[in-house]
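Next comes data02.txt, a file with compact mmCIF, N, CA and C atoms.
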```txt
# COMPACT_ATOMS: atom_id res chain seq x y z
N MET A 1 118.33 99.89 103.19
CA MET A 1 117.70 100.56 104.29
C MET A 1 118.54 100.31 105.54
N LEU A 2 118.95 101.42 106.16
CA LEU A 2 119.81 101.30 107.33
C LEU A 2 119.10 101.55 108.64
N GLY A 3 117.89 102.02 108.57
CA GLY A 3 117.13 102.26 109.79
C GLY A 3 115.71 102.62 109.45
N HIS A 4 114.83 102.41 110.40
CA HIS A 4 113.44 102.80 110.19
C HIS A 4 112.84 103.20 111.53
N ARG A 5 111.79 103.97 111.47
CA ARG A 5 111.10 104.47 112.66
C ARG A 5 109.61 104.57 112.37
N THR A 6 108.85 104.54 113.43
CA THR A 6 107.41 104.82 113.38
C THR A 6 107.10 105.90 114.39
N LEU A 7 106.37 106.90 113.98
CA LEU A 7 105.83 107.91 114.90
C LEU A 7 104.33 107.77 114.87
N PHE A 8 103.73 107.74 116.03
CA PHE A 8 102.28 107.59 116.12
C PHE A 8 101.74 108.67 117.04
N ARG A 9 100.76 109.41 116.59
CA ARG A 9 100.15 110.49 117.37
C ARG A 9 98.66 110.20 117.52
N SER A 10 98.31 109.45 118.55
CA SER A 10 96.91 109.05 118.75
C SER A 10 95.99 110.23 119.01
N GLU A 11 96.54 111.35 119.45
CA GLU A 11 95.70 112.53 119.67
C GLU A 11 95.10 113.05 118.35
N TYR A 12 95.66 112.61 117.23
CA TYR A 12 95.14 113.00 115.92
C TYR A 12 94.47 111.82 115.20
N LEU A 13 93.97 110.88 115.97
CA LEU A 13 93.37 109.67 115.43
C LEU A 13 92.30 109.95 114.38
N SER A 14 91.52 110.99 114.59
CA SER A 14 90.42 111.28 113.66
C SER A 14 90.86 112.09 112.44
N ALA A 15 92.13 112.48 112.35
CA ALA A 15 92.59 113.32 111.25
C ALA A 15 92.67 112.57 109.92
N MET A 16 92.89 111.27 109.98
CA MET A 16 93.03 110.48 108.76
C MET A 16 92.59 109.06 109.05
N GLY A 17 91.89 108.48 108.12
CA GLY A 17 91.45 107.10 108.29
C GLY A 17 90.58 106.66 107.14
N PHE A 18 89.82 105.62 107.37
CA PHE A 18 88.95 105.06 106.34
C PHE A 18 87.58 104.75 106.92
N THR A 19 86.57 104.89 106.09
CA THR A 19 85.25 104.36 106.38
C THR A 19 84.90 103.44 105.22
N TYR A 20 83.88 102.64 105.40
CA TYR A 20 83.52 101.66 104.37
C TYR A 20 82.02 101.71 104.07
N PRO A 21 81.53 102.84 103.56
CA PRO A 21 80.11 102.90 103.22
C PRO A 21 79.81 101.96 102.05
N GLY A 22 78.81 101.12 102.25
CA GLY A 22 78.45 100.17 101.19
C GLY A 22 79.56 99.18 100.88
N GLY A 23 80.48 98.97 101.83
CA GLY A 23 81.58 98.03 101.63
C GLY A 23 82.73 98.55 100.79
N ARG A 24 82.68 99.83 100.40
CA ARG A 24 83.75 100.41 99.58
C ARG A 24 84.57 101.37 100.44
N PRO A 25 85.90 101.29 100.36
CA PRO A 25 86.72 102.18 101.19
C PRO A 25 86.61 103.64 100.77
N ARG A 26 86.51 104.50 101.76
CA ARG A 26 86.49 105.94 101.52
C ARG A 26 87.49 106.57 102.51
N VAL A 27 88.39 107.37 101.98
CA VAL A 27 89.43 108.00 102.80
C VAL A 27 88.85 109.21 103.53
N ILE A 28 89.21 109.33 104.79
CA ILE A 28 88.85 110.51 105.59
C ILE A 28 90.13 111.31 105.78
N LEU A 29 90.12 112.56 105.34
CA LEU A 29 91.28 113.45 105.50
C LEU A 29 90.82 114.77 106.09
N SER A 30 91.29 115.06 107.27
CA SER A 30 90.99 116.33 107.92
C SER A 30 91.95 117.39 107.38
N LYS A 31 91.53 118.64 107.44
CA LYS A 31 92.42 119.74 107.05
C LYS A 31 93.62 119.82 107.99
N GLU A 32 93.53 119.21 109.16
CA GLU A 32 94.65 119.18 110.10
C GLU A 32 95.87 118.47 109.52
N VAL A 33 95.64 117.57 108.57
CA VAL A 33 96.75 116.83 107.95
C VAL A 33 97.78 117.79 107.37
N ARG A 34 97.32 118.90 106.84
CA ARG A 34 98.23 119.90 106.25
C ARG A 34 99.22 120.44 107.27
N ARG A 35 98.82 120.48 108.52
CA ARG A 35 99.67 120.99 109.59
C ARG A 35 100.44 119.86 110.28
N ILE A 36 99.75 118.79 110.59
CA ILE A 36 100.34 117.68 111.35
C ILE A 36 101.38 116.93 110.52
N GLY A 37 101.05 116.61 109.26
CA GLY A 37 101.93 115.80 108.41
C GLY A 37 103.33 116.36 108.28
N PRO A 38 103.49 117.63 107.90
CA PRO A 38 104.84 118.18 107.76
C PRO A 38 105.62 118.21 109.08
N VAL A 39 104.95 118.48 110.18
CA VAL A 39 105.64 118.49 111.48
C VAL A 39 106.14 117.08 111.80
N MET A 40 105.31 116.07 111.53
CA MET A 40 105.75 114.70 111.77
C MET A 40 106.87 114.29 110.81
N MET A 41 106.84 114.81 109.58
CA MET A 41 107.94 114.53 108.65
C MET A 41 109.26 115.10 109.19
N ARG A 42 109.19 116.30 109.77
CA ARG A 42 110.40 116.90 110.35
C ARG A 42 110.88 116.07 111.54
N GLU A 43 109.97 115.69 112.43
CA GLU A 43 110.34 114.86 113.58
C GLU A 43 110.96 113.54 113.13
N MET A 44 110.35 112.92 112.14
CA MET A 44 110.83 111.65 111.63
C MET A 44 112.23 111.80 111.03
N THR A 45 112.42 112.84 110.23
CA THR A 45 113.73 113.08 109.62
C THR A 45 114.80 113.24 110.68
N ASP A 46 114.53 114.05 111.68
CA ASP A 46 115.52 114.29 112.74
C ASP A 46 115.83 113.00 113.50
N ALA A 47 114.82 112.18 113.78
CA ALA A 47 115.05 110.91 114.48
C ALA A 47 115.90 109.96 113.64
N LEU A 48 115.60 109.84 112.36
CA LEU A 48 116.36 108.95 111.48
C LEU A 48 117.81 109.40 111.35
N LEU A 49 118.02 110.70 111.18
CA LEU A 49 119.37 111.22 110.98
C LEU A 49 120.19 111.17 112.26
N ASP A 50 119.56 111.49 113.39
CA ASP A 50 120.27 111.43 114.68
C ASP A 50 120.81 110.03 114.95
N PHE A 51 120.06 109.02 114.54
CA PHE A 51 120.44 107.63 114.74
C PHE A 51 121.80 107.32 114.12
N GLN A 52 122.12 107.98 112.99
CA GLN A 52 123.39 107.75 112.29
C GLN A 52 124.36 108.92 112.44
N GLY A 53 124.01 109.92 113.25
CA GLY A 53 124.88 111.08 113.42
C GLY A 53 124.95 111.95 112.18
N LEU A 54 123.86 112.00 111.42
CA LEU A 54 123.82 112.77 110.18
C LEU A 54 123.05 114.07 110.36
N LYS A 55 123.23 114.97 109.40
CA LYS A 55 122.50 116.24 109.36
C LYS A 55 121.66 116.25 108.07
N ARG A 56 120.68 117.14 108.03
CA ARG A 56 119.83 117.22 106.84
C ARG A 56 120.64 117.47 105.57
N GLY A 57 121.71 118.24 105.68
CA GLY A 57 122.54 118.53 104.52
C GLY A 57 123.25 117.31 103.95
N ASP A 58 123.33 116.23 104.73
CA ASP A 58 123.95 114.99 104.25
C ASP A 58 123.03 114.20 103.31
N VAL A 59 121.74 114.53 103.33
CA VAL A 59 120.75 113.77 102.56
C VAL A 59 120.68 114.29 101.12
N LYS A 60 120.85 113.38 100.18
CA LYS A 60 120.80 113.74 98.75
C LYS A 60 119.46 113.36 98.12
N ALA A 61 118.74 112.41 98.72
CA ALA A 61 117.50 111.91 98.12
C ALA A 61 116.36 112.00 99.14
N TRP A 62 115.32 112.74 98.77
CA TRP A 62 114.15 112.92 99.63
C TRP A 62 112.96 112.24 98.98
N VAL A 63 112.40 111.28 99.68
CA VAL A 63 111.26 110.51 99.19
C VAL A 63 110.11 110.78 100.16
N LEU A 64 109.34 111.83 99.89
CA LEU A 64 108.29 112.27 100.80
C LEU A 64 106.91 111.97 100.22
N HIS A 65 106.07 111.43 101.04
CA HIS A 65 104.68 111.11 100.66
C HIS A 65 104.03 112.34 100.04
N SER A 66 103.43 112.14 98.88
CA SER A 66 102.71 113.21 98.19
C SER A 66 101.31 113.33 98.78
N ALA A 67 101.23 113.85 99.98
CA ALA A 67 99.96 113.89 100.72
C ALA A 67 99.12 115.12 100.39
N GLY A 68 99.53 115.87 99.39
CA GLY A 68 98.82 117.07 98.99
C GLY A 68 99.79 118.22 98.80
N ARG A 69 99.38 119.19 98.00
CA ARG A 69 100.25 120.32 97.67
C ARG A 69 100.70 121.06 98.92
N ARG A 70 99.79 121.35 99.82
CA ARG A 70 100.15 122.11 101.02
C ARG A 70 101.06 121.31 101.95
N VAL A 71 100.85 120.02 102.03
CA VAL A 71 101.72 119.18 102.86
C VAL A 71 103.14 119.22 102.30
N ILE A 72 103.28 119.08 100.99
CA ILE A 72 104.61 119.13 100.36
C ILE A 72 105.26 120.49 100.59
N GLU A 73 104.51 121.56 100.37
CA GLU A 73 105.06 122.92 100.55
C GLU A 73 105.52 123.14 101.98
N GLN A 74 104.71 122.74 102.95
CA GLN A 74 105.06 122.95 104.35
C GLN A 74 106.24 122.07 104.76
N ALA A 75 106.28 120.83 104.29
CA ALA A 75 107.41 119.95 104.59
C ALA A 75 108.69 120.54 103.98
N GLN A 76 108.60 121.06 102.77
CA GLN A 76 109.75 121.68 102.12
C GLN A 76 110.28 122.82 102.98
N LYS A 77 109.38 123.64 103.47
CA LYS A 77 109.77 124.78 104.31
C LYS A 77 110.38 124.32 105.63
N LEU A 78 109.72 123.40 106.33
CA LEU A 78 110.19 122.95 107.64
C LEU A 78 111.53 122.22 107.57
N LEU A 79 111.76 121.52 106.46
CA LEU A 79 113.00 120.75 106.31
C LEU A 79 114.09 121.51 105.57
N GLY A 80 113.76 122.70 105.06
CA GLY A 80 114.75 123.49 104.33
C GLY A 80 115.15 122.86 103.01
N LEU A 81 114.19 122.31 102.29
CA LEU A 81 114.48 121.59 101.05
C LEU A 81 114.31 122.49 99.83
N SER A 82 114.98 122.13 98.77
CA SER A 82 114.89 122.86 97.50
C SER A 82 113.71 122.33 96.68
N GLU A 83 113.41 123.04 95.60
CA GLU A 83 112.38 122.57 94.66
C GLU A 83 112.78 121.22 94.08
N ALA A 84 114.07 121.05 93.78
CA ALA A 84 114.54 119.78 93.22
C ALA A 84 114.33 118.64 94.21
N ASP A 85 114.51 118.92 95.51
CA ASP A 85 114.33 117.88 96.53
C ASP A 85 112.91 117.34 96.57
N VAL A 86 111.94 118.21 96.35
CA VAL A 86 110.53 117.78 96.43
C VAL A 86 109.90 117.53 95.06
N ALA A 87 110.67 117.69 94.00
CA ALA A 87 110.14 117.50 92.64
C ALA A 87 109.51 116.12 92.44
N PRO A 88 110.14 115.02 92.87
CA PRO A 88 109.49 113.71 92.67
C PRO A 88 108.13 113.62 93.37
N SER A 89 108.01 114.20 94.55
CA SER A 89 106.73 114.20 95.26
C SER A 89 105.68 114.99 94.49
N ARG A 90 106.08 116.13 93.96
CA ARG A 90 105.14 116.96 93.18
C ARG A 90 104.69 116.25 91.90
N VAL A 91 105.62 115.60 91.22
CA VAL A 91 105.29 114.89 89.97
C VAL A 91 104.27 113.79 90.26
N VAL A 92 104.50 113.02 91.30
CA VAL A 92 103.58 111.92 91.63
C VAL A 92 102.21 112.47 92.03
N LEU A 93 102.18 113.55 92.79
CA LEU A 93 100.90 114.14 93.17
C LEU A 93 100.14 114.61 91.93
N ARG A 94 100.83 115.27 91.03
CA ARG A 94 100.20 115.78 89.80
C ARG A 94 99.72 114.62 88.91
N ARG A 95 100.53 113.58 88.82
CA ARG A 95 100.22 112.47 87.92
C ARG A 95 99.13 111.54 88.46
N TYR A 96 99.19 111.23 89.77
CA TYR A 96 98.30 110.21 90.33
C TYR A 96 97.42 110.68 91.48
N GLY A 97 97.73 111.83 92.06
CA GLY A 97 97.05 112.22 93.29
C GLY A 97 97.68 111.47 94.45
N THR A 98 97.06 111.54 95.61
CA THR A 98 97.59 110.77 96.73
C THR A 98 96.88 109.42 96.78
N MET A 99 97.65 108.38 97.00
CA MET A 99 97.13 107.01 96.99
C MET A 99 97.37 106.36 98.34
N SER A 100 97.10 107.11 99.39
CA SER A 100 97.34 106.66 100.75
C SER A 100 98.85 106.45 100.95
N SER A 101 99.22 105.67 101.94
CA SER A 101 100.63 105.51 102.30
C SER A 101 101.48 104.95 101.17
N ALA A 102 100.88 104.16 100.29
CA ALA A 102 101.63 103.54 99.18
C ALA A 102 102.16 104.56 98.19
N THR A 103 101.67 105.79 98.25
CA THR A 103 102.14 106.84 97.34
C THR A 103 103.65 106.98 97.39
N VAL A 104 104.23 106.78 98.56
CA VAL A 104 105.67 106.98 98.74
C VAL A 104 106.49 106.04 97.84
N VAL A 105 105.96 104.87 97.53
CA VAL A 105 106.68 103.94 96.64
C VAL A 105 106.74 104.51 95.23
N PHE A 106 105.69 105.19 94.79
CA PHE A 106 105.68 105.85 93.49
C PHE A 106 106.69 107.01 93.48
N VAL A 107 106.81 107.71 94.61
CA VAL A 107 107.78 108.81 94.71
C VAL A 107 109.20 108.24 94.62
N LEU A 108 109.45 107.13 95.29
CA LEU A 108 110.77 106.49 95.21
C LEU A 108 111.09 106.11 93.77
N GLU A 109 110.14 105.53 93.07
CA GLU A 109 110.36 105.14 91.67
C GLU A 109 110.65 106.37 90.81
N GLU A 110 109.93 107.45 91.03
CA GLU A 110 110.14 108.69 90.27
C GLU A 110 111.52 109.26 90.55
N LEU A 111 111.94 109.24 91.80
CA LEU A 111 113.27 109.75 92.17
C LEU A 111 114.36 108.94 91.49
N ILE A 112 114.26 107.63 91.55
CA ILE A 112 115.28 106.76 90.94
C ILE A 112 115.30 106.96 89.42
N ARG A 113 114.13 107.10 88.82
CA ARG A 113 114.04 107.27 87.36
C ARG A 113 114.63 108.59 86.90
N THR A 114 114.47 109.65 87.68
CA THR A 114 114.86 110.98 87.21
C THR A 114 116.17 111.51 87.77
N SER A 115 116.60 111.03 88.93
CA SER A 115 117.80 111.65 89.51
C SER A 115 118.97 110.71 89.69
N GLU A 116 118.75 109.43 89.54
CA GLU A 116 119.82 108.45 89.61
C GLU A 116 120.76 108.68 90.79
N PRO A 117 120.32 108.38 92.02
CA PRO A 117 121.22 108.52 93.18
C PRO A 117 122.51 107.74 92.97
N SER A 118 123.59 108.26 93.51
CA SER A 118 124.91 107.63 93.37
C SER A 118 125.19 106.72 94.55
N PRO A 119 126.05 105.72 94.36
CA PRO A 119 126.43 104.87 95.48
C PRO A 119 126.97 105.72 96.64
N GLY A 120 126.50 105.42 97.83
CA GLY A 120 126.91 106.17 99.01
C GLY A 120 125.98 107.31 99.39
N ASP A 121 125.09 107.73 98.47
CA ASP A 121 124.14 108.80 98.79
C ASP A 121 123.18 108.36 99.89
N TRP A 122 122.86 109.30 100.77
CA TRP A 122 121.87 109.08 101.82
C TRP A 122 120.50 109.52 101.33
N GLY A 123 119.47 108.83 101.80
CA GLY A 123 118.10 109.21 101.48
C GLY A 123 117.19 109.06 102.68
N VAL A 124 116.14 109.86 102.69
CA VAL A 124 115.10 109.76 103.72
C VAL A 124 113.78 109.51 103.00
N MET A 125 113.06 108.48 103.44
CA MET A 125 111.76 108.15 102.87
C MET A 125 110.72 108.18 103.98
N ILE A 126 109.63 108.93 103.76
CA ILE A 126 108.59 109.07 104.79
C ILE A 126 107.20 108.95 104.17
N ALA A 127 106.39 108.12 104.79
CA ALA A 127 104.98 107.97 104.41
C ALA A 127 104.11 108.34 105.60
N LEU A 128 102.95 108.91 105.31
CA LEU A 128 101.97 109.24 106.34
C LEU A 128 100.78 108.31 106.20
N GLY A 129 100.15 108.01 107.34
CA GLY A 129 99.01 107.11 107.28
C GLY A 129 98.06 107.30 108.44
N PRO A 130 96.99 106.51 108.42
CA PRO A 130 95.96 106.62 109.45
C PRO A 130 96.54 106.36 110.83
N GLY A 131 95.93 107.01 111.76
CA GLY A 131 96.28 106.72 113.14
C GLY A 131 96.50 107.91 114.04
N PHE A 132 97.12 108.86 113.75
CA PHE A 132 97.91 109.44 112.67
C PHE A 132 99.35 108.96 112.81
N ALA A 133 99.88 108.39 111.77
CA ALA A 133 101.20 107.77 111.84
C ALA A 133 102.11 108.27 110.72
N ALA A 134 103.40 108.23 111.02
CA ALA A 134 104.43 108.47 110.01
C ALA A 134 105.39 107.29 110.08
N GLU A 135 105.70 106.75 108.93
CA GLU A 135 106.68 105.67 108.81
C GLU A 135 107.86 106.22 108.04
N GLY A 136 109.06 105.98 108.53
CA GLY A 136 110.24 106.52 107.86
C GLY A 136 111.35 105.51 107.75
N ALA A 137 112.18 105.70 106.74
CA ALA A 137 113.34 104.83 106.53
C ALA A 137 114.53 105.68 106.12
N LEU A 138 115.68 105.32 106.65
CA LEU A 138 116.95 105.93 106.24
C LEU A 138 117.55 105.02 105.18
N LEU A 139 117.80 105.58 104.02
CA LEU A 139 118.28 104.81 102.87
C LEU A 139 119.72 105.16 102.55
N ARG A 140 120.43 104.21 101.97
CA ARG A 140 121.79 104.46 101.47
C ARG A 140 121.94 103.70 100.17
N TRP A 141 122.32 104.44 99.12
CA TRP A 141 122.51 103.81 97.82
C TRP A 141 123.89 103.22 97.71
```
Kindly return the structure encoded in the file as structure tokens.
Amino acid sequence: MLGHRTLFRSEYLSAMGFTYPGGRPRVILSKEVRRIGPVMMREMTDALLDFQGLKRGDVKAWVLHSAGRRVIEQAQKLLGLSEADVAPSRVVLRRYGTMSSATVVFVLEELIRTSEPSPGDWGVMIALGPGFAAEGALLRW
């Protein structure tokens, strides 16, 4: 990991979070997440890449939180990614659903298992979470 960033948008505080009815966690997800999440993924990507003087085309490995089908589709569109770029995110969503921010670790495992990044390849990893927050890391294999 060569860099990391946090983006926090308190104006969307109610878009995602948790309640604890009866002491059991329950996820709150607003439909706004479909719009906000991909935009924050784009902002995060640009911030991480600018830090190293890189462009999106330099990235070989995309590790994006499987926050839902529409979030993946919109992030793919906003970032100009191929189906192969978002395939690990789609596989994890189909297999497990979204598991909050930790989902991104399952996407990373799927990417490594199926695409075998090469030494020197750049990667971007982004998770979304309550607050509304995006956590990102710039990776290099």
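Of note, atom C of Ser118 in chain A and CA of Trp141 in chain A are spaced 5.1 Å apart.
Of the listed residues (A:Trp62, A:Tyr20, A:Tyr12, A:Phe51), A:Trp62 comes nearest to Trp122 in chain A; the distances count all atoms listed in the file.
By chain and then residue number, the residues within 9 Å of Ile36 in chain A are A:Tyr12, A:Ala15, A:Val71, A:Phe132, counting only C-alpha atoms and disregarding those fewer than 6 positions away in sequence.
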Write the residues of the preceding selection, restricted to N, CA and C atoms, as a short mmCIF file (atom, residue, chain, number, x, y, z; two decimals), in the frame of the given file.
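The resulting file, again-v1.cif, is reproduced below:
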```cif
data_model
loop_
_atom_site.label_atom_id
_atom_site.label_comp_id
_atom_site.auth_asym_id
_atom_site.auth_seq_id
_atom_site.Cartn_x
_atom_site.Cartn_y
_atom_site.Cartn_z
N TYR A 12 95.66 112.61 117.23
CA TYR A 12 95.14 113.00 115.92
C TYR A 12 94.47 111.82 115.20
N ALA A 15 92.13 112.48 112.35
CA ALA A 15 92.59 113.32 111.25
C ALA A 15 92.67 112.57 109.92
N VAL A 71 100.85 120.02 102.03
CA VAL A 71 101.72 119.18 102.86
C VAL A 71 103.14 119.22 102.30
N PHE A 132 97.12 108.86 113.75
CA PHE A 132 97.91 109.44 112.67
C PHE A 132 99.35 108.96 112.81
#
```
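With all atoms listed in the file as the atoms that count, the minimum distance from Ser100 in chain A to the choices A:Arg34, A:Lys55, A:Arg9, A:His65 is reached by A:His65.
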DSSP alpha helix (DSSP H) residues within range 41-85 of chain A, listed as a ChimeraX atom specification = /A:41-52,69-79,83-85
Considering only N, CA and C atoms, state which residue in the set A:Gly22, A:Gly3, A:Pro38, A:Pro117 is at the smallest distance from Ile72 in chain A.
->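 Counting only N, CA and C atoms, the residue closest to Ile72 in chain A is A:Pro38.
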Counting only C-alpha atoms, what is within 9 Å of Val104 in chain A, bar same-chain residues fewer than 4 positions away, as a PyMOL selection string?
-> chain A and resi 63-66+89+92+99-100+108-109+125-128
Which protein, DNA or RNA residues are at most 7 Å from (119.9, 113.9, 99.0) in the file's coordinates when you count only N, CA and C atoms, listed as a PyMOL selection string?
-> chain A and resi 57-62+121-124
